[in-house]
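Engineer: My file is protein_36.cif. It has mmCIF, C-alpha atoms:
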data_start
loop_
_atom_site.group_PDB
_atom_site.id
_atom_site.type_symbol
_atom_site.label_atom_id
_atom_site.label_comp_id
_atom_site.auth_asym_id
_atom_site.auth_seq_id
_atom_site.Cartn_x
_atom_site.Cartn_y
_atom_site.Cartn_z
ATOM 1 C CA MET W 13 96.624 86.604 61.876
ATOM 2 C CA ARG W 14 94.834 86.091 65.167
ATOM 3 C CA PHE W 15 95.517 87.294 68.691
ATOM 4 C CA GLY W 16 94.633 85.288 71.782
ATOM 5 C CA VAL W 17 94.267 86.745 75.263
ATOM 6 C CA VAL W 18 94.501 84.394 78.234
ATOM 7 C CA PHE W 19 91.748 84.968 80.799
ATOM 8 C CA PHE W 20 93.280 83.919 84.101
ATOM 9 C CA PRO W 21 91.020 84.557 87.095
ATOM 10 C CA GLY W 22 92.098 87.858 88.634
ATOM 11 C CA ALA W 23 93.743 89.203 85.483
ATOM 12 C CA ASN W 24 92.661 92.314 83.585
ATOM 13 C CA ALA W 25 92.375 90.431 80.322
ATOM 14 C CA ALA W 26 89.428 92.470 79.075
ATOM 15 C CA ASP W 27 91.616 95.580 78.627
ATOM 16 C CA CYS W 28 93.947 93.897 76.126
ATOM 17 C CA TYR W 29 91.028 92.187 74.442
ATOM 18 C CA TYR W 30 89.255 95.528 74.078
ATOM 19 C CA VAL W 31 92.238 97.271 72.462
ATOM 20 C CA ILE W 32 92.618 94.598 69.801
ATOM 21 C CA ASP W 33 88.940 93.973 69.226
ATOM 22 C CA GLN W 34 87.521 97.499 69.521
ATOM 23 C CA VAL W 35 90.341 100.019 69.080
ATOM 24 C CA ILE W 36 92.239 98.221 66.318
ATOM 25 C CA GLY W 37 89.433 95.993 65.076
ATOM 26 C CA HIS W 38 91.509 92.853 64.601
ATOM 27 C CA PRO W 39 90.524 89.199 65.202
ATOM 28 C CA VAL W 40 91.116 88.100 68.802
ATOM 29 C CA SER W 41 89.856 85.199 70.901
ATOM 30 C CA PRO W 42 89.804 84.516 74.622
ATOM 31 C CA ILE W 43 91.896 81.576 75.877
ATOM 32 C CA GLN W 44 91.053 79.741 79.101
ATOM 33 C CA PRO W 45 93.677 78.664 81.664
ATOM 34 C CA ASP W 46 92.781 74.962 81.275
ATOM 35 C CA GLU W 47 93.215 75.061 77.485
ATOM 36 C CA ARG W 48 95.304 72.103 76.343
ATOM 37 C CA GLU W 49 95.400 72.872 72.655
ATOM 38 C CA LEU W 50 96.299 76.199 71.067
ATOM 39 C CA VAL W 51 95.319 76.228 67.421
ATOM 40 C CA GLY W 52 95.045 79.147 65.037
ATOM 41 C CA PHE W 53 96.842 81.746 67.134
ATOM 42 C CA ASP W 54 99.748 83.909 66.014
ATOM 43 C CA CYS W 55 100.206 86.188 69.012
ATOM 44 C CA ILE W 56 99.238 85.275 72.571
ATOM 45 C CA ILE W 57 98.918 87.916 75.256
ATOM 46 C CA LEU W 58 99.300 87.231 78.964
ATOM 47 C CA PRO W 59 97.599 90.259 80.477
ATOM 48 C CA GLY W 60 98.256 92.215 83.642
ATOM 49 C CA GLY W 61 96.430 91.944 86.919
ATOM 50 C CA PHE W 62 96.680 89.536 89.825
ATOM 51 C CA SER W 63 96.222 86.030 88.439
ATOM 52 C CA TYR W 64 95.081 83.621 91.180
ATOM 53 C CA GLY W 65 95.325 86.483 93.649
ATOM 54 C CA ASP W 66 99.113 86.478 93.262
ATOM 55 C CA TYR W 67 99.094 83.649 95.831
ATOM 56 C CA LEU W 68 102.465 81.987 96.431
ATOM 57 C CA ARG W 69 104.349 84.510 94.238
ATOM 58 C CA ALA W 70 103.108 86.872 91.540
ATOM 59 C CA GLY W 71 102.486 84.760 88.440
ATOM 60 C CA ALA W 72 103.561 81.457 90.021
ATOM 61 C CA LEU W 73 100.205 79.655 89.912
ATOM 62 C CA ALA W 74 99.328 80.936 86.438
ATOM 63 C CA GLY W 75 102.699 79.615 85.311
ATOM 64 C CA ALA W 76 101.688 76.130 86.469
ATOM 65 C CA THR W 77 98.435 75.916 84.445
ATOM 66 C CA PRO W 78 97.893 73.660 81.393
ATOM 67 C CA VAL W 79 97.790 76.691 79.092
ATOM 68 C CA ALA W 80 101.201 77.847 80.335
ATOM 69 C CA GLU W 81 102.689 74.592 79.082
ATOM 70 C CA GLN W 82 100.988 75.109 75.718
ATOM 71 C CA ILE W 83 102.323 78.652 75.529
ATOM 72 C CA ALA W 84 105.862 77.398 76.146
ATOM 73 C CA ASP W 85 105.501 75.051 73.136
ATOM 74 C CA PHE W 86 103.933 77.845 71.095
ATOM 75 C CA ALA W 87 106.872 80.155 71.882
ATOM 76 C CA GLU W 88 109.354 77.394 71.118
ATOM 77 C CA GLN W 89 107.815 77.133 67.640
ATOM 78 C CA GLY W 90 108.295 80.860 67.114
ATOM 79 C CA GLY W 91 104.817 82.115 68.061
ATOM 80 C CA LEU W 92 104.644 85.650 69.434
ATOM 81 C CA VAL W 93 104.046 85.887 73.176
ATOM 82 C CA LEU W 94 103.484 89.190 74.967
ATOM 83 C CA GLY W 95 103.393 89.347 78.773
ATOM 84 C CA ILE W 96 102.249 92.605 80.343
ATOM 85 C CA GLY W 97 102.723 93.268 84.075
ATOM 86 C CA ASN W 98 101.525 90.074 85.731
ATOM 87 C CA GLY W 99 101.988 88.440 82.323
ATOM 88 C CA PHE W 100 105.694 89.329 82.479
ATOM 89 C CA GLN W 101 105.863 87.775 85.950
ATOM 90 C CA ILE W 102 104.271 84.607 84.543
ATOM 91 C CA LEU W 103 106.853 84.451 81.728
ATOM 92 C CA LEU W 104 109.647 84.701 84.318
ATOM 93 C CA ASN W 105 108.083 81.960 86.434
ATOM 94 C CA THR W 106 107.783 79.625 83.464
ATOM 95 C CA GLY W 107 111.365 80.341 82.413
ATOM 96 C CA LEU W 108 110.411 81.696 78.985
ATOM 97 C CA LEU W 109 112.282 84.828 80.027
ATOM 98 C CA PRO W 110 115.298 84.932 82.356
ATOM 99 C CA GLY W 111 115.434 86.550 85.803
ATOM 100 C CA ALA W 112 112.860 87.094 88.523
ATOM 101 C CA MET W 113 110.721 89.779 90.149
ATOM 102 C CA ARG W 114 111.173 91.024 93.689
ATOM 103 C CA ARG W 115 108.916 93.287 95.720
ATOM 104 C CA ASN W 116 109.388 96.936 94.783
ATOM 105 C CA GLU W 117 112.450 98.271 96.552
ATOM 106 C CA ASN W 118 110.484 100.829 98.580
ATOM 107 C CA LEU W 119 107.698 98.268 99.248
ATOM 108 C CA ARG W 120 105.108 100.614 97.727
ATOM 109 C CA PHE W 121 102.635 99.717 95.035
ATOM 110 C CA ARG W 122 103.537 102.167 92.264
ATOM 111 C CA CYS W 123 100.702 103.390 90.061
ATOM 112 C CA HIS W 124 101.573 106.313 87.778
ATOM 113 C CA ASP W 125 102.987 107.192 84.362
ATOM 114 C CA VAL W 126 106.629 106.467 83.627
ATOM 115 C CA PHE W 127 108.968 107.339 80.797
ATOM 116 C CA LEU W 128 110.564 104.491 78.903
ATOM 117 C CA ARG W 129 113.444 104.441 76.487
ATOM 118 C CA VAL W 130 113.047 102.022 73.595
ATOM 119 C CA GLU W 131 116.297 100.060 73.649
ATOM 120 C CA ASN W 132 115.460 97.653 70.836
ATOM 121 C CA SER W 133 113.086 98.756 68.088
ATOM 122 C CA LYS W 134 113.713 95.699 65.928
ATOM 123 C CA THR W 135 111.466 93.255 67.776
ATOM 124 C CA PRO W 136 108.056 92.210 66.404
ATOM 125 C CA PHE W 137 106.536 94.293 69.225
ATOM 126 C CA THR W 138 108.508 97.525 68.888
ATOM 127 C CA ASN W 139 109.120 98.160 65.186
ATOM 128 C CA ARG W 140 106.747 101.153 65.261
ATOM 129 C CA TYR W 141 109.015 102.910 67.722
ATOM 130 C CA LYS W 142 112.321 104.559 66.946
ATOM 131 C CA GLN W 143 115.493 103.249 68.528
ATOM 132 C CA GLY W 144 116.154 105.347 71.630
ATOM 133 C CA GLU W 145 112.721 106.983 71.521
ATOM 134 C CA VAL W 146 111.268 108.116 74.846
ATOM 135 C CA ILE W 147 107.657 107.082 75.367
ATOM 136 C CA LYS W 148 105.189 107.329 78.240
ATOM 137 C CA TYR W 149 103.314 104.317 79.628
ATOM 138 C CA PRO W 150 101.484 103.831 82.940
ATOM 139 C CA ILE W 151 102.695 101.313 85.521
ATOM 140 C CA ALA W 152 100.707 99.648 88.312
ATOM 141 C CA HIS W 153 102.682 97.060 90.255
ATOM 142 C CA GLY W 154 104.013 96.120 93.659
ATOM 143 C CA GLU W 155 106.313 93.356 92.478
ATOM 144 C CA GLY W 156 108.202 94.734 89.492
ATOM 145 C CA ASN W 157 111.722 94.946 90.840
ATOM 146 C CA TYR W 158 113.478 92.989 88.122
ATOM 147 C CA TYR W 159 116.439 90.899 89.193
ATOM 148 C CA ILE W 160 119.063 89.062 87.211
ATOM 149 C CA ASP W 161 122.651 88.320 88.197
ATOM 150 C CA ALA W 162 125.564 90.255 86.673
ATOM 151 C CA GLU W 163 126.372 87.528 84.173
ATOM 152 C CA GLY W 164 122.744 87.284 83.060
ATOM 153 C CA LEU W 165 122.509 91.048 82.698
ATOM 154 C CA ALA W 166 125.624 91.130 80.527
ATOM 155 C CA GLN W 167 124.069 88.458 78.305
ATOM 156 C CA LEU W 168 120.778 90.368 78.004
ATOM 157 C CA GLU W 169 122.640 93.501 76.985
ATOM 158 C CA HIS W 170 124.953 91.687 74.598
ATOM 159 C CA ASN W 171 122.004 90.011 72.835
ATOM 160 C CA GLY W 172 119.899 93.170 72.622
ATOM 161 C CA GLN W 173 117.287 91.565 74.868
ATOM 162 C CA VAL W 174 116.708 94.694 76.936
ATOM 163 C CA VAL W 175 113.740 96.274 75.133
ATOM 164 C CA PHE W 176 112.575 99.018 77.513
ATOM 165 C CA ARG W 177 114.317 100.879 80.335
ATOM 166 C CA TYR W 178 112.867 103.364 82.812
ATOM 167 C CA CYS W 179 114.218 106.851 82.123
ATOM 168 C CA ASN W 180 113.398 110.496 82.754
ATOM 169 C CA GLU W 181 111.670 112.711 80.189
ATOM 170 C CA GLU W 182 115.033 113.436 78.559
ATOM 171 C CA GLY W 183 115.739 109.731 78.159
ATOM 172 C CA GLU W 184 118.413 109.582 80.848
ATOM 173 C CA LEU W 185 118.629 106.354 82.841
ATOM 174 C CA VAL W 186 118.715 107.958 86.277
ATOM 175 C CA ALA W 187 117.928 106.200 89.553
ATOM 176 C CA ALA W 188 115.103 108.663 90.279
ATOM 177 C CA ALA W 189 113.287 107.428 87.158
ATOM 178 C CA ASN W 190 113.430 103.819 88.338
ATOM 179 C CA PRO W 191 110.087 103.197 90.079
ATOM 180 C CA ASP W 192 110.799 99.803 91.607
ATOM 181 C CA GLY W 193 114.544 99.253 91.893
ATOM 182 C CA SER W 194 114.895 97.070 88.792
ATOM 183 C CA VAL W 195 118.432 96.075 87.816
ATOM 184 C CA GLY W 196 119.700 98.361 85.042
ATOM 185 C CA ASN W 197 116.405 100.339 85.049
ATOM 186 C CA ILE W 198 114.946 97.405 83.097
ATOM 187 C CA ALA W 199 111.228 97.670 82.329
ATOM 188 C CA GLY W 200 110.958 95.046 79.589
ATOM 189 C CA ILE W 201 113.003 92.247 78.027
ATOM 190 C CA CYS W 202 112.645 89.729 75.207
ATOM 191 C CA ASN W 203 114.061 86.253 74.689
ATOM 192 C CA VAL W 204 117.068 85.636 72.433
ATOM 193 C CA LYS W 205 114.873 84.984 69.364
ATOM 194 C CA GLY W 206 112.820 88.117 70.080
ATOM 195 C CA ASN W 207 109.414 86.428 69.823
ATOM 196 C CA VAL W 208 108.663 86.604 73.555
ATOM 197 C CA LEU W 209 108.394 90.023 75.206
ATOM 198 C CA GLY W 210 107.664 90.797 78.841
ATOM 199 C CA LEU W 211 107.218 94.291 80.258
ATOM 200 C CA MET W 212 105.872 95.742 83.487
ATOM 201 C CA PRO W 213 104.296 98.949 82.083
ATOM 202 C CA HIS W 214 100.847 98.718 80.483
ATOM 203 C CA PRO W 215 100.574 99.565 76.757
ATOM 204 C CA GLU W 216 96.885 98.570 76.717
ATOM 205 C CA ARG W 217 96.114 101.385 79.159
ATOM 206 C CA CYS W 218 97.488 104.064 76.831
ATOM 207 C CA SER W 219 96.079 102.940 73.492
ATOM 208 C CA GLU W 220 93.152 105.257 72.998
ATOM 209 C CA GLU W 221 92.842 109.021 72.718
ATOM 210 C CA ILE W 222 90.134 109.196 75.364
ATOM 211 C CA LEU W 223 92.759 107.962 77.834
ATOM 212 C CA GLY W 224 94.992 110.896 76.947
ATOM 213 C CA ASN W 225 97.865 108.824 75.607
ATOM 214 C CA THR W 226 98.201 106.525 72.600
ATOM 215 C CA CYS W 227 101.865 105.540 73.023
ATOM 216 C CA GLY W 228 100.879 101.944 73.771
ATOM 217 C CA LEU W 229 98.835 101.416 70.634
ATOM 218 C CA ARG W 230 101.991 101.327 68.540
ATOM 219 C CA LEU W 231 103.135 98.218 70.376
ATOM 220 C CA PHE W 232 100.079 96.301 69.162
ATOM 221 C CA LEU W 233 100.305 97.864 65.696
ATOM 222 C CA SER W 234 103.961 96.773 65.566
ATOM 223 C CA VAL W 235 102.769 93.175 65.768
ATOM 224 C CA LEU W 236 100.445 93.707 62.809
ATOM 225 C CA ASP W 237 103.199 95.427 60.841
ATOM 226 C CA TRP W 238 105.517 92.538 61.597
ATOM 227 C CA TRP W 239 102.914 90.250 60.041
ATOM 228 C CA GLY W 240 102.678 92.619 57.074
ATOM 229 C CA ILE W 241 99.129 93.628 57.859
ATOM 230 C CA HIS W 242 98.117 97.188 57.071
ATOM 231 C CA THR W 243 95.917 98.593 59.754
ATOM 232 C CA GLN W 244 92.802 100.442 58.796
ATOM 233 C CA GLU W 245 92.703 104.211 58.915
ATOM 234 C CA GLY W 246 91.544 105.778 62.115
ATOM 235 C CA VAL W 247 93.485 103.533 64.444
ATOM 236 C CA MET W 248 96.915 104.896 63.653
ATOM 237 C CA ALA W 249 98.631 106.110 66.788
ATOM 238 C CA HIS W 250 99.795 109.710 66.714
ATOM 239 C CA GLU W 251 103.458 109.866 65.926
ATOM 240 C CA MET G 19 102.442 58.872 104.450
ATOM 241 C CA PHE G 20 105.037 61.572 104.888
ATOM 242 C CA GLU G 21 104.872 65.064 106.266
ATOM 243 C CA ALA G 22 107.300 67.653 104.996
ATOM 244 C CA SER G 23 108.212 71.051 106.405
ATOM 245 C CA VAL G 24 109.590 73.232 103.640
ATOM 246 C CA TYR G 25 111.461 76.436 104.463
ATOM 247 C CA VAL G 26 112.058 78.952 101.683
ATOM 248 C CA THR G 27 114.473 81.834 102.185
ATOM 249 C CA LEU G 28 116.043 84.460 99.975
ATOM 250 C CA LYS G 29 119.459 83.617 98.616
ATOM 251 C CA LYS G 30 122.451 85.331 100.119
ATOM 252 C CA GLY G 31 122.950 88.755 98.584
ATOM 253 C CA ILE G 32 119.324 89.208 97.494
ATOM 254 C CA LEU G 33 117.803 92.311 99.061
ATOM 255 C CA ASP G 34 115.002 91.622 101.516
ATOM 256 C CA PRO G 35 113.036 94.882 101.774
ATOM 257 C CA GLU G 36 110.307 93.225 103.867
ATOM 258 C CA GLY G 37 112.859 91.988 106.367
ATOM 259 C CA LYS G 38 114.379 95.445 106.467
ATOM 260 C CA ALA G 39 110.970 97.056 107.083
ATOM 261 C CA VAL G 40 110.247 94.629 109.937
ATOM 262 C CA LYS G 41 113.674 95.325 111.417
ATOM 263 C CA ASN G 42 113.006 99.073 111.285
ATOM 264 C CA SER G 43 109.648 98.616 113.021
ATOM 265 C CA LEU G 44 111.279 96.547 115.748
ATOM 266 C CA SER G 45 113.893 99.277 116.203
ATOM 267 C CA SER G 46 111.208 101.928 116.543
ATOM 268 C CA MET G 47 109.486 99.730 119.150
ATOM 269 C CA GLY G 48 112.678 99.790 121.149
ATOM 270 C CA TYR G 49 114.048 96.370 120.234
ATOM 271 C CA ASP G 50 117.473 97.690 119.345
ATOM 272 C CA GLN G 51 119.054 94.324 120.042
ATOM 273 C CA VAL G 52 117.646 92.985 116.749
ATOM 274 C CA GLU G 53 120.397 93.380 114.189
ATOM 275 C CA GLU G 54 118.828 91.663 111.228
ATOM 276 C CA VAL G 55 115.480 90.228 110.099
ATOM 277 C CA LYS G 56 115.104 87.894 107.143
ATOM 278 C CA THR G 57 111.688 86.946 105.834
ATOM 279 C CA GLY G 58 110.816 83.648 104.219
ATOM 280 C CA ARG G 59 108.023 81.214 103.625
ATOM 281 C CA PHE G 60 106.954 77.985 105.271
ATOM 282 C CA PHE G 61 104.967 75.097 103.788
ATOM 283 C CA LEU G 62 103.635 71.984 105.463
ATOM 284 C CA LEU G 63 102.877 69.188 102.998
ATOM 285 C CA LYS G 64 101.437 65.739 103.462
ATOM 286 C CA LEU G 65 102.329 63.379 100.676
ATOM 287 C CA LYS G 66 101.957 59.741 99.804
ATOM 288 C CA ALA G 67 105.096 57.934 98.724
ATOM 289 C CA GLN G 68 106.371 54.336 98.686
ATOM 290 C CA ASP G 69 109.492 55.190 100.621
ATOM 291 C CA ARG G 70 111.590 58.014 101.933
ATOM 292 C CA ALA G 71 113.858 58.318 98.892
ATOM 293 C CA THR G 72 110.869 58.645 96.549
ATOM 294 C CA ALA G 73 109.267 61.241 98.801
ATOM 295 C CA GLU G 74 112.479 63.255 98.887
ATOM 296 C CA GLU G 75 112.874 63.189 95.132
ATOM 297 C CA GLU G 76 109.257 64.196 94.517
ATOM 298 C CA LEU G 77 109.461 66.928 97.097
ATOM 299 C CA ARG G 78 112.584 68.326 95.448
ATOM 300 C CA GLN G 79 110.704 68.500 92.127
ATOM 301 C CA ILE G 80 107.696 70.157 93.779
ATOM 302 C CA CYS G 81 109.949 72.768 95.353
ATOM 303 C CA GLU G 82 111.862 73.585 92.203
ATOM 304 C CA LYS G 83 108.872 73.569 89.868
ATOM 305 C CA LEU G 84 106.479 75.608 91.967
ATOM 306 C CA LEU G 85 107.101 76.386 95.621
ATOM 307 C CA VAL G 86 110.489 78.024 95.148
ATOM 308 C CA ASN G 87 111.737 80.628 92.712
ATOM 309 C CA VAL G 88 115.198 79.170 92.255
ATOM 310 C CA VAL G 89 116.517 82.427 90.793
ATOM 311 C CA LEU G 90 116.022 84.233 94.106
ATOM 312 C CA GLU G 91 115.356 81.633 96.764
ATOM 313 C CA ASP G 92 116.961 78.700 98.572
ATOM 314 C CA TYR G 93 115.031 75.968 100.335
ATOM 315 C CA THR G 94 115.453 73.218 102.864
ATOM 316 C CA PHE G 95 112.996 70.601 104.023
ATOM 317 C CA GLU G 96 112.483 68.122 106.817
ATOM 318 C CA LEU G 97 110.691 64.903 106.024
ATOM 319 C CA ARG G 98 108.903 62.777 108.662
ATOM 320 C CA GLU G 99 107.002 59.548 108.312
ATOM 321 C CA VAL G 100 103.534 59.962 109.828
ATOM 322 C CA ASP G 101 100.322 58.004 110.290
ATOM 323 C CA ARG G 102 97.418 59.360 108.337
#
As structure tokens, what does this structure read like?
Structural biologist:
Amino acid sequence: MRFGVVFFPGANAADCYYVIDQVIGHPVSPIQPDERELVGFDCIILPGGFSYGDYLRAGALAGATPVAEQIADFAEQGGLVLGIGNGFQILLNTGLLPGAMRRNENLRFRCHDVFLRVENSKTPFTNRYKQGEVIKYPIAHGEGNYYIDAEGLAQLEHNGQVVFRYCNEEGELVAAANPDGSVGNIAGICNVKGNVLGLMPHPERCSEEILGNTCGLRLFLSVLDWWGIHTQEGVMAHE
Amino acid sequence: MFEASVYVTLKKGILDPEGKAVKNSLSSMGYDQVEEVKTGRFFLLKLKAQDRATAEEELRQICEKLLVNVVLEDYTFELREVDR
């Protein structure tokens, strides 16, 4: 089982790469934006950051690269695709996930920890979390105000596609816990099949004890569990 | 050769926080007569095409595939035939 991390110019790909390569110690390869053939990958990560300077719209130009087309085929065939922050924006632009991102409601770039409620712990990315569990991840975005129309939202909820919602420490979905104005406090969604996940918060930035929080590590370990791979001792996130 | 002016605006009902912020600034500058500000985006493209119909069709594809986020935005364009 091999991870791939796409290195778009302006993205923070090295963070995701580091977590898989150094913290977990699992095979991972870099993927270039002009890649026209994806072979040997099982999970592809579109990292956070500001791909192509966020010119035009966040994630728009990355979504128009050759590798984006390959990733769409890969997802269609059931491959796991994880989009974090800017990666989520790219998945929305390519249509692999429904909806769109607007500027944060208060127009501020928000960079701090948030609490998230795990709304679906049955995906390949969240099976290490408990249903309804409250976890803490950092966010860092200016364009994370998720939008989908009422009909689309009803479909997401009906299909269990809402994976993470912003909440307070008690797990309540209050407006004050919503950092960007997202519809339904939505922080992360998956596609109908569950093999494509996009989320604005950054699990790779809370995957190591030295960072003071290992909540995010379980997202990556979930992927390994889903593949039936036992992770070595010493990288288990604290439960 | 054609030249196209493409105007992209937010769909009706989509919040425009930037427009609202600009409107508030104008109010604080004393321009109380401004009741609403909507922001948008403008593109000027030069494109080669055999004829007007082809140019229009290609432009529509360009808009919907890249320039415009059709979930949130509407667009219009004006197409002119120009010398190089």
Engineer: State, in Å with one decimal place, the distance from CA of Leu108 (chain W) to CA of Val93 (chain W).
Structural biologist: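 These two atoms are separated by 9.6 Å.
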Engineer: Suppose a student applies the PyMOL selection byres ((chain W) within 7 of (chain G)) to this structure; what residues should they get, written as a PyMOL selection string?
Structural biologist: chain W and resi 72+111-112+117+119
Engineer: Ala73 (chain G): which residues within 12 Å, counting only C-alpha atoms, same-chain residues fewer than 3 positions away excluded, as a list of chain:residue names?
Structural biologist: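 Listing them by chain and then by number gives G:Met19, G:Phe20, G:Glu21, G:Ala22, G:Leu63, G:Lys64, G:Leu65, G:Lys66, G:Ala67, G:Gln68, G:Asp69, G:Arg70, G:Glu76, G:Leu77, G:Arg78, G:Gln79, G:Ile80, G:Phe95, G:Glu96, G:Leu97, G:Arg98, G:Glu99.
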Engineer: What do you get, as an NGL selection string, if you spell out every residue that the PyMOL selection byres ((chain W and resi 156-160) around 7) selects here?
Structural biologist: :W and (111-117 or 153-155 or 161-162 or 164-165 or 192-195 or 198 or 212)
Engineer: Can you translate the PyMOL selection byres ((chain W and resi 51-61) around 8) into the concrete residues it hits in this file, as a VMD selection string?
Structural biologist: chain W and resid 13 to 19 22 to 25 28 49 to 50 62 to 63 83 91 to 100 102 214
Engineer: Go ahead and find all residues with at least one atom no further than 7 Å from (114.8, 86.7, 100.8) in the file's coordinates, using all atoms listed in the file; report them as a list of chain:residue names.
Structural biologist: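 Those residues lying close to the given coordinates are G:Thr27, G:Leu28, G:Lys29, G:Ile32, G:Leu33, G:Asp34, G:Lys56, G:Thr57, G:Gly58, G:Glu91.
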Engineer: At what distance in Å, to one decimal, does CA of Ile151 (chain W) lie from CA of Phe86 (chain W)?
Structural biologist: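 Computed distance, CA of Phe86 (chain W) to CA of Ile151 (chain W), equals 27.6 Å.
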Engineer: Find the residues near Lys148 (chain W): any atom within 10 Å, counting only C-alpha atoms, skip ones fewer than 4 places away on the same chain, and give them as a ChimeraX atom specification.
Structural biologist: /W:125-129,178-181,213-215,218,225-228
Engineer: What are the centre and edge lengths in Å, to one decimal, of the axis-aligned box around all listed atoms of region 83-101 of chain G with 5 Å added on each side, as AutoDock Vina command-line options?
Structural biologist:
--center_x 108.6 --center_y 71.1 --center_z 100.1 --size_x 26.6 --size_y 36.2 --size_z 30.4
Engineer: Can you work out the spacing between CA of Glu221 (chain W) and CA of Val31 (chain W) in Å, to one decimal?
Structural biologist: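 For CA of Glu221 (chain W) relative to CA of Val31 (chain W), the distance reads 11.8 Å.
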Engineer: Kindly indicate which residue among W:Glu169, W:Ser234, W:Glu131, W:Leu211 lies nearest to Gln101 (chain W), using only C-alpha atoms for the distances.
Structural biologist: W:Leu211
